[in-house]
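Here's start-v9.pdb, which has PDB, C-alpha atoms:
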```pdb
ATOM      1  CA  MET A 666     -14.690  17.032  10.572
ATOM      2  CA  ASN A 667     -12.044  16.119  13.130
ATOM      3  CA  VAL A 668      -9.097  14.288  11.551
ATOM      4  CA  LEU A 669      -5.994  12.841  13.188
ATOM      5  CA  VAL A 670      -2.823  11.945  11.277
ATOM      6  CA  ILE A 671      -0.394   9.737  13.192
ATOM      7  CA  GLY A 672       3.125   9.854  11.755
ATOM      8  CA  LEU A 673       4.857  12.586   9.799
ATOM      9  CA  GLY A 674       7.132  10.793   7.342
ATOM     10  CA  SER A 675       6.666  11.066   3.570
ATOM     11  CA  ALA A 676       3.308   9.222   3.598
ATOM     12  CA  GLY A 677       2.028  11.152   6.612
ATOM     13  CA  GLN A 678       2.942  14.464   5.012
ATOM     14  CA  ARG A 679       1.244  13.500   1.756
ATOM     15  CA  HIS A 680      -1.935  12.742   3.689
ATOM     16  CA  LEU A 681      -1.597  16.014   5.580
ATOM     17  CA  ARG A 682      -1.183  17.980   2.345
ATOM     18  CA  ILE A 683      -4.194  16.304   0.732
ATOM     19  CA  LEU A 684      -6.363  16.761   3.803
ATOM     20  CA  SER A 685      -5.463  20.449   3.778
ATOM     21  CA  ASP A 686      -6.490  20.705   0.116
ATOM     22  CA  ILE A 687      -9.756  18.787   0.579
ATOM     23  CA  SER A 688     -10.853  20.623   3.716
ATOM     24  CA  GLN A 689     -10.020  24.131   2.512
ATOM     25  CA  GLY A 690      -9.651  25.143   6.153
ATOM     26  CA  ASP A 691     -13.063  23.805   7.238
ATOM     27  CA  TRP A 692     -11.770  20.731   9.106
ATOM     28  CA  GLU A 693      -9.888  20.428  12.363
ATOM     29  CA  ILE A 694      -6.723  18.528  11.436
ATOM     30  CA  TYR A 695      -4.388  17.266  14.144
ATOM     31  CA  VAL A 696      -1.065  15.491  13.958
ATOM     32  CA  TYR A 697       0.723  13.247  16.399
ATOM     33  CA  ARG A 698       4.262  13.006  15.091
ATOM     34  CA  GLY A 699       5.860  10.815  17.775
ATOM     35  CA  ASN A 700       9.430  10.217  16.652
ATOM     36  CA  HIS A 701       8.701  11.460  13.108
ATOM     37  CA  LYS A 702      10.372  14.810  13.689
ATOM     38  CA  ARG A 703      10.886  15.687  10.053
ATOM     39  CA  GLY A 704      11.048  18.940   8.152
ATOM     40  CA  LEU A 705       8.841  19.738   5.170
ATOM     41  CA  ILE A 706       9.262  17.041   2.509
ATOM     42  CA  SER A 707       8.844  18.165  -1.092
ATOM     43  CA  ILE A 708       5.954  16.833  -3.168
ATOM     44  CA  ASP A 709       8.358  14.829  -5.356
ATOM     45  CA  LEU A 710       9.975  13.316  -2.204
ATOM     46  CA  LYS A 711      13.412  14.519  -3.330
ATOM     47  CA  GLU A 712      14.122  17.182  -0.716
ATOM     48  CA  GLU A 713      13.462  18.025   2.918
ATOM     49  CA  ASN A 714      13.490  21.529   4.401
ATOM     50  CA  LEU A 715      14.384  21.168   8.069
ATOM     51  CA  ASP A 716      13.619  24.855   8.676
ATOM     52  CA  ILE A 717       9.901  24.411   7.957
ATOM     53  CA  ASP A 718       7.563  22.571  10.312
ATOM     54  CA  PRO A 719       5.065  20.667   8.097
ATOM     55  CA  ILE A 720       2.355  20.778  10.774
ATOM     56  CA  HIS A 721       2.341  24.575  10.827
ATOM     57  CA  PHE A 722       2.896  24.782   7.056
ATOM     58  CA  TYR A 723      -0.318  22.871   6.364
ATOM     59  CA  GLY A 724      -2.305  24.679   9.055
ATOM     60  CA  ALA A 725      -2.734  21.683  11.353
ATOM     61  CA  CYS A 726      -2.530  21.387  15.136
ATOM     62  CA  GLU A 727      -0.172  19.132  17.057
ATOM     63  CA  LEU A 728      -0.918  16.559  19.718
ATOM     64  CA  SER A 729       2.151  16.385  21.932
ATOM     65  CA  GLU A 730       1.132  13.339  23.983
ATOM     66  CA  VAL A 731      -0.352   9.970  23.031
ATOM     67  CA  ALA A 732      -3.013  10.402  25.719
ATOM     68  CA  GLU A 733      -4.459  13.359  23.788
ATOM     69  CA  MET A 734      -5.804  10.944  21.173
ATOM     70  CA  ALA A 735      -8.638  10.281  23.618
ATOM     71  CA  SER A 736      -9.486  13.981  23.855
ATOM     72  CA  LYS A 737     -11.715  14.094  20.767
ATOM     73  CA  LYS A 738     -14.078  12.038  18.661
ATOM     74  CA  TRP A 739     -12.299  11.553  15.330
ATOM     75  CA  ASP A 740     -14.190  11.304  12.050
ATOM     76  CA  LEU A 741     -11.022   9.906  10.486
ATOM     77  CA  VAL A 742      -7.711   8.621  11.832
ATOM     78  CA  ILE A 743      -4.797   8.004   9.468
ATOM     79  CA  ILE A 744      -1.969   5.800  10.752
ATOM     80  CA  ALA A 745       1.135   6.477   8.647
ATOM     81  CA  THR A 746       3.900   5.022  10.797
ATOM     82  CA  PRO A 747       6.269   2.045  10.307
ATOM     83  CA  PRO A 748       4.232  -1.180  10.055
ATOM     84  CA  ASP A 749       5.428  -2.703  13.316
ATOM     85  CA  SER A 750       3.635   0.146  15.151
ATOM     86  CA  HIS A 751       0.295  -0.007  13.283
ATOM     87  CA  LEU A 752      -1.444  -2.273  15.778
ATOM     88  CA  SER A 753      -0.366  -0.306  18.849
ATOM     89  CA  TYR A 754      -1.540   3.023  17.387
ATOM     90  CA  LEU A 755      -4.793   1.434  16.271
ATOM     91  CA  GLN A 756      -5.412   0.134  19.784
ATOM     92  CA  LEU A 757      -4.803   3.626  21.146
ATOM     93  CA  SER A 758      -7.174   5.380  18.756
ATOM     94  CA  TYR A 759      -9.940   3.105  17.450
ATOM     95  CA  LEU A 760     -12.369   3.721  20.323
ATOM     96  CA  TYR A 761     -12.433   7.396  19.396
ATOM     97  CA  ALA A 762     -12.469   6.991  15.598
ATOM     98  CA  ASP A 763     -15.326   6.441  13.148
ATOM     99  CA  ARG A 764     -13.022   5.508  10.264
ATOM    100  CA  ILE A 765      -9.378   4.493  10.091
ATOM    101  CA  LEU A 766      -6.897   4.445   7.228
ATOM    102  CA  ILE A 767      -3.727   2.418   7.843
ATOM    103  CA  GLU A 768      -0.832   2.855   5.439
ATOM    104  CA  LYS A 769       0.198  -0.377   3.775
ATOM    105  CA  PRO A 770       1.205  -3.003   4.704
ATOM    106  CA  VAL A 771      -1.359  -3.833   7.380
ATOM    107  CA  ALA A 772       1.383  -4.974   9.801
ATOM    108  CA  SER A 773       4.866  -6.447   9.848
ATOM    109  CA  ASP A 774       3.722  -9.829  11.175
ATOM    110  CA  LEU A 775       0.721 -12.087  10.716
ATOM    111  CA  GLU A 776      -0.311 -12.066  14.379
ATOM    112  CA  SER A 777      -0.640  -8.271  14.435
ATOM    113  CA  ALA A 778      -2.428  -8.280  11.084
ATOM    114  CA  THR A 779      -4.951 -10.812  12.417
ATOM    115  CA  LYS A 780      -5.616  -8.664  15.482
ATOM    116  CA  ILE A 781      -6.262  -5.639  13.264
ATOM    117  CA  GLN A 782      -8.715  -7.581  11.102
ATOM    118  CA  ASN A 783     -10.515  -8.996  14.160
ATOM    119  CA  LEU A 784     -10.776  -5.541  15.690
ATOM    120  CA  ALA A 785     -12.425  -4.227  12.508
ATOM    121  CA  ILE A 786     -14.926  -7.109  12.386
ATOM    122  CA  THR A 787     -15.758  -7.160  16.097
ATOM    123  CA  ASN A 788     -16.356  -3.404  16.242
ATOM    124  CA  ASP A 789     -17.903  -2.993  12.763
ATOM    125  CA  LYS A 790     -15.172  -0.430  12.206
ATOM    126  CA  SER A 791     -14.309   1.089   8.808
ATOM    127  CA  ILE A 792     -10.614   0.207   8.522
ATOM    128  CA  LEU A 793      -8.965   0.534   5.133
ATOM    129  CA  ILE A 794      -5.381  -0.429   4.283
ATOM    130  CA  GLY A 795      -3.772   2.168   2.001
ATOM    131  CA  TYR A 796      -3.645   0.406  -1.354
ATOM    132  CA  GLN A 797      -4.615   3.455  -3.394
ATOM    133  CA  MET A 798      -4.366   1.781  -6.820
ATOM    134  CA  HIS A 799      -7.905   0.450  -6.429
ATOM    135  CA  PHE A 800      -9.082   3.997  -7.084
ATOM    136  CA  HIS A 801      -7.214   4.109 -10.409
ATOM    137  CA  LYS A 802      -9.309   4.004 -13.580
ATOM    138  CA  VAL A 803      -7.098   1.257 -14.997
ATOM    139  CA  ILE A 804      -8.485  -1.318 -12.560
ATOM    140  CA  GLN A 805     -11.867  -1.366 -14.283
ATOM    141  CA  ASP A 806     -10.199  -1.610 -17.697
ATOM    142  CA  LEU A 807      -8.053  -4.524 -16.523
ATOM    143  CA  LEU A 808     -11.101  -6.344 -15.154
ATOM    144  CA  GLU A 809     -12.828  -5.928 -18.525
ATOM    145  CA  TRP A 810      -9.837  -7.094 -20.582
ATOM    146  CA  ILE A 811      -8.691 -10.126 -18.583
ATOM    147  CA  PRO A 812     -11.632 -12.372 -19.655
ATOM    148  CA  LYS A 813     -10.810 -11.519 -23.296
ATOM    149  CA  LEU A 814      -7.266 -12.900 -22.929
ATOM    150  CA  GLY A 815      -8.529 -16.478 -22.919
ATOM    151  CA  GLU A 816      -7.104 -19.063 -20.532
ATOM    152  CA  ILE A 817      -4.645 -17.323 -18.220
ATOM    153  CA  GLU A 818      -1.268 -19.039 -18.466
ATOM    154  CA  LEU A 819       0.816 -16.741 -16.261
ATOM    155  CA  CYS A 820       0.726 -13.456 -14.388
ATOM    156  CA  ARG A 821       4.062 -11.779 -13.726
ATOM    157  CA  THR A 822       4.728  -8.723 -11.579
ATOM    158  CA  VAL A 823       8.032  -6.867 -11.329
ATOM    159  CA  PHE A 824       8.926  -4.116  -8.859
ATOM    160  CA  SER A 825      12.489  -2.855  -8.849
ATOM    161  CA  GLU A 826      13.691   0.451  -7.429
ATOM    162  CA  LYS A 827      16.777   1.227  -5.414
ATOM    163  CA  LEU A 828      15.776   2.136  -1.874
ATOM    164  CA  SER A 829      18.091   5.130  -1.763
ATOM    165  CA  SER A 830      16.281   6.731  -4.722
ATOM    166  CA  MET A 831      12.882   6.705  -3.008
ATOM    167  CA  ASN A 832      13.710   9.361  -0.398
ATOM    168  CA  PRO A 833      17.208  10.610  -1.305
ATOM    169  CA  PHE A 834      17.215  13.168   1.515
ATOM    170  CA  ARG A 835      17.321  10.494   4.236
ATOM    171  CA  ASP A 836      19.569   7.638   5.279
ATOM    172  CA  MET A 837      17.593   4.693   3.966
ATOM    173  CA  LYS A 838      19.609   2.256   6.072
ATOM    174  CA  HIS A 839      17.230   3.283   8.856
ATOM    175  CA  HIS A 840      14.069   3.127   6.752
ATOM    176  CA  HIS A 841      11.548   0.505   7.905
ATOM    177  CA  LEU A 842      11.926  -1.354   4.599
ATOM    178  CA  SER A 843      15.531  -2.019   5.579
ATOM    179  CA  SER A 844      14.601  -3.610   8.878
ATOM    180  CA  PHE A 845      13.189  -6.941   9.958
ATOM    181  CA  GLU A 846      10.393  -5.077  11.783
ATOM    182  CA  GLY A 847       9.484  -3.285   8.560
ATOM    183  CA  GLY A 848       8.927  -6.549   6.737
ATOM    184  CA  GLY A 849      11.472  -5.974   4.026
ATOM    185  CA  VAL A 850      10.707  -5.521   0.369
ATOM    186  CA  PHE A 851       8.065  -8.232  -0.082
ATOM    187  CA  LEU A 852       5.686  -6.819   2.510
ATOM    188  CA  GLY A 853       6.643  -3.173   2.202
ATOM    189  CA  LEU A 854       6.262  -2.966  -1.575
ATOM    190  CA  SER A 855       3.067  -4.981  -1.789
ATOM    191  CA  HIS A 856       0.852  -2.739  -3.952
ATOM    192  CA  ASP A 857       1.458  -4.942  -6.981
ATOM    193  CA  LEU A 858       0.505  -8.140  -5.190
ATOM    194  CA  ASP A 859      -2.654  -6.495  -3.911
ATOM    195  CA  ILE A 860      -3.615  -5.550  -7.488
ATOM    196  CA  VAL A 861      -3.044  -9.094  -8.737
ATOM    197  CA  ILE A 862      -5.083 -10.611  -5.905
ATOM    198  CA  LYS A 863      -7.890  -8.152  -6.650
ATOM    199  CA  LEU A 864      -7.879  -8.812 -10.402
ATOM    200  CA  PHE A 865      -8.129 -12.594  -9.992
ATOM    201  CA  GLU A 866     -10.284 -12.549  -6.825
ATOM    202  CA  GLY A 867      -7.634 -14.563  -5.018
ATOM    203  CA  LYS A 868      -8.714 -16.371  -1.875
ATOM    204  CA  SER A 869      -5.642 -18.460  -1.048
ATOM    205  CA  VAL A 870      -2.088 -19.234  -2.101
ATOM    206  CA  ASN A 871      -0.113 -22.449  -2.272
ATOM    207  CA  SER A 872       3.220 -23.731  -3.572
ATOM    208  CA  LEU A 873       4.959 -20.484  -2.618
ATOM    209  CA  GLU A 874       8.589 -20.886  -3.625
ATOM    210  CA  SER A 875      11.533 -18.549  -3.909
ATOM    211  CA  LYS A 876      14.246 -18.941  -6.532
ATOM    212  CA  SER A 877      16.418 -16.375  -4.800
ATOM    213  CA  ILE A 878      16.371 -14.280  -1.636
ATOM    214  CA  GLU A 879      18.841 -11.567  -0.700
ATOM    215  CA  ARG A 880      18.924 -10.114   2.789
ATOM    216  CA  ASN A 881      20.713  -7.137   4.249
ATOM    217  CA  SER A 882      22.914  -7.113   7.351
ATOM    218  CA  VAL A 883      19.923  -7.138   9.735
ATOM    219  CA  GLY A 884      18.090  -9.928   7.912
ATOM    220  CA  ALA A 885      15.489  -7.912   6.009
ATOM    221  CA  ILE A 886      14.689  -9.192   2.527
ATOM    222  CA  VAL A 887      15.883  -6.611  -0.014
ATOM    223  CA  GLU A 888      15.372  -8.761  -3.101
ATOM    224  CA  CYS A 889      13.394 -11.884  -3.896
ATOM    225  CA  GLU A 890      11.993 -13.840  -6.806
ATOM    226  CA  VAL A 891       8.922 -15.900  -5.992
ATOM    227  CA  SER A 892       6.387 -18.142  -7.663
ATOM    228  CA  PHE A 893       3.045 -19.403  -6.359
ATOM    229  CA  PHE A 894      -0.474 -20.391  -7.353
ATOM    230  CA  LEU A 895      -3.274 -17.961  -6.580
ATOM    231  CA  HIS A 896      -6.607 -19.725  -6.057
ATOM    232  CA  ASN A 897     -10.105 -18.305  -6.367
ATOM    233  CA  GLU A 898     -13.440 -20.092  -6.353
ATOM    234  CA  ALA A 899     -13.131 -21.172  -9.998
ATOM    235  CA  LYS A 900      -9.491 -21.709 -10.923
ATOM    236  CA  SER A 901      -5.819 -21.471 -10.075
ATOM    237  CA  ILE A 902      -3.523 -18.834 -11.603
ATOM    238  CA  PRO A 903       0.276 -19.260 -11.737
ATOM    239  CA  ILE A 904       1.992 -16.100 -10.489
ATOM    240  CA  GLU A 905       5.609 -15.014 -10.685
ATOM    241  CA  GLY A 906       6.915 -12.023  -8.780
ATOM    242  CA  PHE A 907      10.214 -10.189  -8.640
ATOM    243  CA  PHE A 908      10.804  -7.561  -5.974
ATOM    244  CA  SER A 909      13.945  -5.559  -5.356
ATOM    245  CA  CYS A 910      14.911  -2.398  -3.510
ATOM    246  CA  SER A 911      18.624  -2.867  -4.192
ATOM    247  CA  ARG A 912      18.936  -2.510  -7.978
ATOM    248  CA  ASP A 913      19.384   0.723  -9.937
ATOM    249  CA  LEU A 914      16.919  -0.349 -12.632
ATOM    250  CA  LYS A 915      13.521   1.185 -11.921
ATOM    251  CA  SER A 916      10.739  -1.052 -13.188
ATOM    252  CA  ARG A 917       7.154  -1.672 -12.170
ATOM    253  CA  VAL A 918       5.145  -3.785 -14.594
ATOM    254  CA  ILE A 919       2.276  -6.272 -14.431
ATOM    255  CA  THR A 920       2.107  -8.752 -17.339
ATOM    256  CA  ILE A 921      -0.786 -11.176 -17.856
ATOM    257  CA  ILE A 922      -0.312 -13.869 -20.504
ATOM    258  CA  GLY A 923      -3.381 -15.603 -21.893
ATOM    259  CA  SER A 924      -4.083 -18.058 -24.679
ATOM    260  CA  LYS A 925      -5.547 -15.255 -26.831
ATOM    261  CA  GLY A 926      -3.335 -12.321 -25.939
ATOM    262  CA  VAL A 927      -0.955 -10.539 -23.576
ATOM    263  CA  LEU A 928      -1.665  -7.586 -21.302
ATOM    264  CA  ASP A 929       1.043  -5.246 -20.009
ATOM    265  CA  PHE A 930       0.504  -2.413 -17.567
ATOM    266  CA  ASP A 931       3.481  -0.244 -16.670
ATOM    267  CA  LEU A 932       2.696   1.351 -13.324
ATOM    268  CA  ASN A 933       5.473   3.929 -13.711
ATOM    269  CA  THR A 934       4.380   5.262 -17.111
ATOM    270  CA  GLN A 935       0.693   4.296 -16.620
ATOM    271  CA  LEU A 936       0.612   2.738 -20.093
ATOM    272  CA  LEU A 937      -1.756  -0.181 -20.711
ATOM    273  CA  THR A 938      -1.004  -2.312 -23.791
ATOM    274  CA  ILE A 939      -2.936  -5.333 -25.102
ATOM    275  CA  LYS A 940      -1.440  -7.530 -27.823
ATOM    276  CA  ASN A 941      -2.836 -10.530 -29.652
ATOM    277  CA  THR A 942      -0.945 -13.790 -30.078
ATOM    278  CA  GLY A 943       0.715 -12.345 -33.178
ATOM    279  CA  ASP A 944       2.273  -9.565 -31.067
ATOM    280  CA  GLU A 945       0.011  -6.975 -32.713
ATOM    281  CA  VAL A 946      -1.196  -4.112 -30.485
ATOM    282  CA  ILE A 947      -4.987  -4.247 -30.386
ATOM    283  CA  PHE A 948      -5.533  -1.753 -27.566
ATOM    284  CA  GLU A 949      -3.427   0.904 -25.911
ATOM    285  CA  ARG A 950      -4.288   3.549 -23.370
ATOM    286  CA  GLN A 951      -2.158   6.114 -21.564
ATOM    287  CA  TYR A 952      -3.398   7.248 -18.158
ATOM    288  CA  SER A 953      -2.394  10.351 -16.277
ATOM    289  CA  ILE A 954      -3.434  10.113 -12.667
ATOM    290  CA  SER A 955      -1.226  11.466  -9.882
ATOM    291  CA  LYS A 956      -0.546   9.750  -6.573
ATOM    292  CA  ASP A 957      -2.121  12.739  -4.850
ATOM    293  CA  GLN A 958      -5.337  12.130  -6.777
ATOM    294  CA  LEU A 959      -5.395   8.472  -5.731
ATOM    295  CA  PHE A 960      -4.741   9.400  -2.092
ATOM    296  CA  SER A 961      -7.461  12.042  -2.292
ATOM    297  CA  ASP A 962     -10.033   9.670  -3.814
ATOM    298  CA  GLN A 963      -9.238   7.108  -1.146
ATOM    299  CA  ILE A 964      -9.839   9.593   1.666
ATOM    300  CA  LYS A 965     -13.041  10.888   0.077
ATOM    301  CA  TYR A 966     -14.329   7.332  -0.226
ATOM    302  CA  LEU A 967     -13.563   6.522   3.386
ATOM    303  CA  ILE A 968     -15.199   9.708   4.630
ATOM    304  CA  GLY A 969     -18.405   8.723   2.839
ATOM    305  CA  ILE A 970     -18.918   5.397   4.628
ATOM    306  CA  TYR A 971     -19.663   4.283   8.143
ATOM    307  CA  GLY A 972     -19.100   0.752   9.385
ATOM    308  CA  LEU A 973     -17.239  -2.171   7.854
ATOM    309  CA  ASN A 974     -18.537  -2.506   4.285
ATOM    310  CA  ASP A 975     -17.655  -5.073   1.605
ATOM    311  CA  PHE A 976     -14.935  -2.918   0.058
ATOM    312  CA  CYS A 977     -13.087  -2.557   3.375
ATOM    313  CA  SER A 978     -13.591  -6.235   4.233
ATOM    314  CA  GLU A 979     -12.139  -7.379   0.901
ATOM    315  CA  ASN A 980      -9.267  -4.924   1.304
ATOM    316  CA  LEU A 981      -8.452  -6.430   4.706
ATOM    317  CA  GLU A 982      -8.700  -9.987   3.341
ATOM    318  CA  ARG A 983      -6.175  -9.193   0.618
ATOM    319  CA  SER A 984      -3.898  -7.573   3.176
ATOM    320  CA  MET A 985      -4.117 -10.687   5.321
ATOM    321  CA  LEU A 986      -3.246 -12.926   2.386
ATOM    322  CA  ILE A 987      -0.148 -10.830   1.670
ATOM    323  CA  SER A 988       0.852 -11.089   5.337
ATOM    324  CA  ARG A 989       0.498 -14.875   5.216
ATOM    325  CA  MET A 990       2.653 -15.006   2.103
ATOM    326  CA  ASN A 991       5.269 -12.833   3.765
ATOM    327  CA  GLU A 992       5.287 -15.077   6.818
ATOM    328  CA  GLN A 993       5.987 -18.059   4.546
ATOM    329  CA  LEU A 994       8.716 -16.139   2.769
ATOM    330  CA  TRP A 995      10.466 -15.271   6.024
ATOM    331  CA  SER A 996      10.638 -18.978   6.839
ATOM    332  CA  ILE A 997      12.612 -19.711   3.663
ATOM    333  CA  HIS A 998      16.353 -19.726   4.249
TER     334      HIS A 998
END
```
Please rewrite the model in this file as structure tokens.
Amino acid sequence: MNVLVIGLGSAGQRHLRILSDISQGDWEIYVYRGNHKRGLISIDLKEENLDIDPIHFYGACELSEVAEMASKKWDLVIIATPPDSHLSYLQLSYLYADRILIEKPVASDLESATKIQNLAITNDKSILIGYQMHFHKVIQDLLEWIPKLGEIELCRTVFSEKLSSMNPFRDMKHHHLSSFEGGGVFLGLSHDLDIVIKLFEGKSVNSLESKSIERNSVGAIVECEVSFFLHNEAKSIPIEGFFSCSRDLKSRVITIIGSKGVLDFDLNTQLLTIKNTGDEVIFERQYSISKDQLFSDQIKYLIGIYGLNDFCSENLERSMLISRMNEQLWSIH
């Protein structure tokens, strides 16, 4: 296996570490770091050792020039750079790659996202956007429980975490989530939206409104509260979402309210709770699955396929829907 990792930030290093574990030295792993000249980032993302080169630490080789991407046939290319560069790196590498994993979000603007989707379809190319939660065991449990909740009255998702706590070793004022090009919080922290769209087989969105939007000094959205209707082939689901990377309170919860019960899944604690209309707990399950395991399962899945299959196509469609929503959000003043 020949594997290329583009980007060496926290996501790129996680991929590099997992690839090293999976391959056990049997794969040729290369890294193009570009401007990501970082030291070794700890597994918990709390520290960075500038004296250790992560490429050498994980036994990989370095590509020093962009042109070297054309020097090999890649079984897998992982693009883990800021979202405004995803399209350009894809255009540089896709001719030489069998499969491509792009870290979420797909792009920072709808035009680039559309080009990425068209490239995948036109070339029958396995391109997967890095929403790892679809490899979590809870997804199947959620799909089984939702029909038992009766008529769905509301789905609410909350994501709140102060940006500076995510990677405390770096100046987050320069993180892509803090920039217009990075898409801000709504696009950058879109795992939860992707899960909701998956669970309800969402095909389109309308009536997207925002009760409040806060922007930073460069115009990036750092907090927003939105509501919209998610449509599938059978019905329309009212959705409320709150996203913030400026508050100290760390919260990440999906709540689904039905006529027969309420479902809560806390993505931080991995606790799933189902209650009936009398607020009695009728089901509870605690999961214990690490991010590394989800990343690993995602890579193993991608390695096992060739060509654009249904899973990848649906993944791209959800990514496109999130990009369209973000484009609408940016137009709200």
Enumerate, as a PyMOL selection string, the residues matched when the PyMOL selection byres ((chain A and resi 687) around 12) is run on the file above. chain A and resi 666+668+680-686+688-694+723+957-958+960-965+968
Those same residues, written as an mmCIF file, in the coordinates of the input with C-alpha atoms?
```cif
data_model
loop_
_atom_site.group_PDB
_atom_site.id
_atom_site.type_symbol
_atom_site.label_atom_id
_atom_site.label_comp_id
_atom_site.auth_asym_id
_atom_site.auth_seq_id
_atom_site.Cartn_x
_atom_site.Cartn_y
_atom_site.Cartn_z
ATOM 1 C CA MET A 666 -14.690 17.032 10.572
ATOM 2 C CA VAL A 668 -9.097 14.288 11.551
ATOM 3 C CA HIS A 680 -1.935 12.742 3.689
ATOM 4 C CA LEU A 681 -1.597 16.014 5.580
ATOM 5 C CA ARG A 682 -1.183 17.980 2.345
ATOM 6 C CA ILE A 683 -4.194 16.304 0.732
ATOM 7 C CA LEU A 684 -6.363 16.761 3.803
ATOM 8 C CA SER A 685 -5.463 20.449 3.778
ATOM 9 C CA ASP A 686 -6.490 20.705 0.116
ATOM 10 C CA SER A 688 -10.853 20.623 3.716
ATOM 11 C CA GLN A 689 -10.020 24.131 2.512
ATOM 12 C CA GLY A 690 -9.651 25.143 6.153
ATOM 13 C CA ASP A 691 -13.063 23.805 7.238
ATOM 14 C CA TRP A 692 -11.770 20.731 9.106
ATOM 15 C CA GLU A 693 -9.888 20.428 12.363
ATOM 16 C CA ILE A 694 -6.723 18.528 11.436
ATOM 17 C CA TYR A 723 -0.318 22.871 6.364
ATOM 18 C CA ASP A 957 -2.121 12.739 -4.850
ATOM 19 C CA GLN A 958 -5.337 12.130 -6.777
ATOM 20 C CA PHE A 960 -4.741 9.400 -2.092
ATOM 21 C CA SER A 961 -7.461 12.042 -2.292
ATOM 22 C CA ASP A 962 -10.033 9.670 -3.814
ATOM 23 C CA GLN A 963 -9.238 7.108 -1.146
ATOM 24 C CA ILE A 964 -9.839 9.593 1.666
ATOM 25 C CA LYS A 965 -13.041 10.888 0.077
ATOM 26 C CA ILE A 968 -15.199 9.708 4.630
#
```
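From atom CA of A:Gln935 back to atom CA of A:Ser955, the distance works out to 10.0 Å.
Nearest to A:Leu760 of all the residues A:Asn783, A:Thr938, A:Ser736, A:Asn714 is A:Ser736, based on only C-alpha atoms.
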Applied to this file, what does the PyMOL selection byres ((chain A and resi 755) around 9) return in terms of residues, put as an MDAnalysis selection string? chainID A and resid 742 744 750:754 756:760 765 767 781
For the selection you just gave me, I'd like the residues written to a file as an mmCIF file, in the frame of the given file, keeping C-alpha atoms.
```cif
data_model
loop_
_atom_site.group_PDB
_atom_site.id
_atom_site.type_symbol
_atom_site.label_atom_id
_atom_site.label_comp_id
_atom_site.auth_asym_id
_atom_site.auth_seq_id
_atom_site.Cartn_x
_atom_site.Cartn_y
_atom_site.Cartn_z
ATOM 1 C CA VAL A 742 -7.711 8.621 11.832
ATOM 2 C CA ILE A 744 -1.969 5.800 10.752
ATOM 3 C CA SER A 750 3.635 0.146 15.151
ATOM 4 C CA HIS A 751 0.295 -0.007 13.283
ATOM 5 C CA LEU A 752 -1.444 -2.273 15.778
ATOM 6 C CA SER A 753 -0.366 -0.306 18.849
ATOM 7 C CA TYR A 754 -1.540 3.023 17.387
ATOM 8 C CA GLN A 756 -5.412 0.134 19.784
ATOM 9 C CA LEU A 757 -4.803 3.626 21.146
ATOM 10 C CA SER A 758 -7.174 5.380 18.756
ATOM 11 C CA TYR A 759 -9.940 3.105 17.450
ATOM 12 C CA LEU A 760 -12.369 3.721 20.323
ATOM 13 C CA ILE A 765 -9.378 4.493 10.091
ATOM 14 C CA ILE A 767 -3.727 2.418 7.843
ATOM 15 C CA ILE A 781 -6.262 -5.639 13.264
#
```
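Residues matched by the PyMOL selection byres ((chain A and resi 836-844) around 8) in this file are Pro747, Pro748, Leu828, Ser829, Asn832, Pro833, Phe834, Arg835, Phe845, Glu846, Gly847, Gly848, Gly849, Val850, Gly853, Asn881, Val883, Gly884, Ala885, Ile886 and Val887 of chain A.
Computed from the coordinates, the atom CA of A:Gly906 to atom CA of A:Thr779 distance equals 24.3 Å.
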Using only C-alpha atoms: which of A:Lys780, A:His799, A:Lys925, A:Arg764 has the shortest distance to A:Asp859: A:His799
Would you mind listing what lies within 9 Å of stretch 819-825 of chain A as a ChimeraX atom specification, with only C-alpha atoms counted and same-chain residues fewer than 6 positions away left out? /A:854,857-858,861,888,902-923
Written file, previous selection with C-alpha atoms, as a CSV table (one decimal), in the frame of the given file:
```csv
chain,number,residue,atom,x,y,z
A,854,LEU,CA,6.3,-3.0,-1.6
A,857,ASP,CA,1.5,-4.9,-7.0
A,858,LEU,CA,0.5,-8.1,-5.2
A,861,VAL,CA,-3.0,-9.1,-8.7
A,888,GLU,CA,15.4,-8.8,-3.1
A,902,ILE,CA,-3.5,-18.8,-11.6
A,903,PRO,CA,0.3,-19.3,-11.7
A,904,ILE,CA,2.0,-16.1,-10.5
A,905,GLU,CA,5.6,-15.0,-10.7
A,906,GLY,CA,6.9,-12.0,-8.8
A,907,PHE,CA,10.2,-10.2,-8.6
A,908,PHE,CA,10.8,-7.6,-6.0
A,909,SER,CA,13.9,-5.6,-5.4
A,910,CYS,CA,14.9,-2.4,-3.5
A,911,SER,CA,18.6,-2.9,-4.2
A,912,ARG,CA,18.9,-2.5,-8.0
A,913,ASP,CA,19.4,0.7,-9.9
A,914,LEU,CA,16.9,-0.3,-12.6
A,915,LYS,CA,13.5,1.2,-11.9
A,916,SER,CA,10.7,-1.1,-13.2
A,917,ARG,CA,7.2,-1.7,-12.2
A,918,VAL,CA,5.1,-3.8,-14.6
A,919,ILE,CA,2.3,-6.3,-14.4
A,920,THR,CA,2.1,-8.8,-17.3
A,921,ILE,CA,-0.8,-11.2,-17.9
A,922,ILE,CA,-0.3,-13.9,-20.5
A,923,GLY,CA,-3.4,-15.6,-21.9
```
Please return as a count of residues only every residue within 8 Å of (6.0, 9.4, 19.1), taking into account all atoms listed in the file and the file's own coordinates. 8
Length of the atom CA of A:Glu979 to atom CA of A:Tyr966 vector [Å]: 14.9 Å
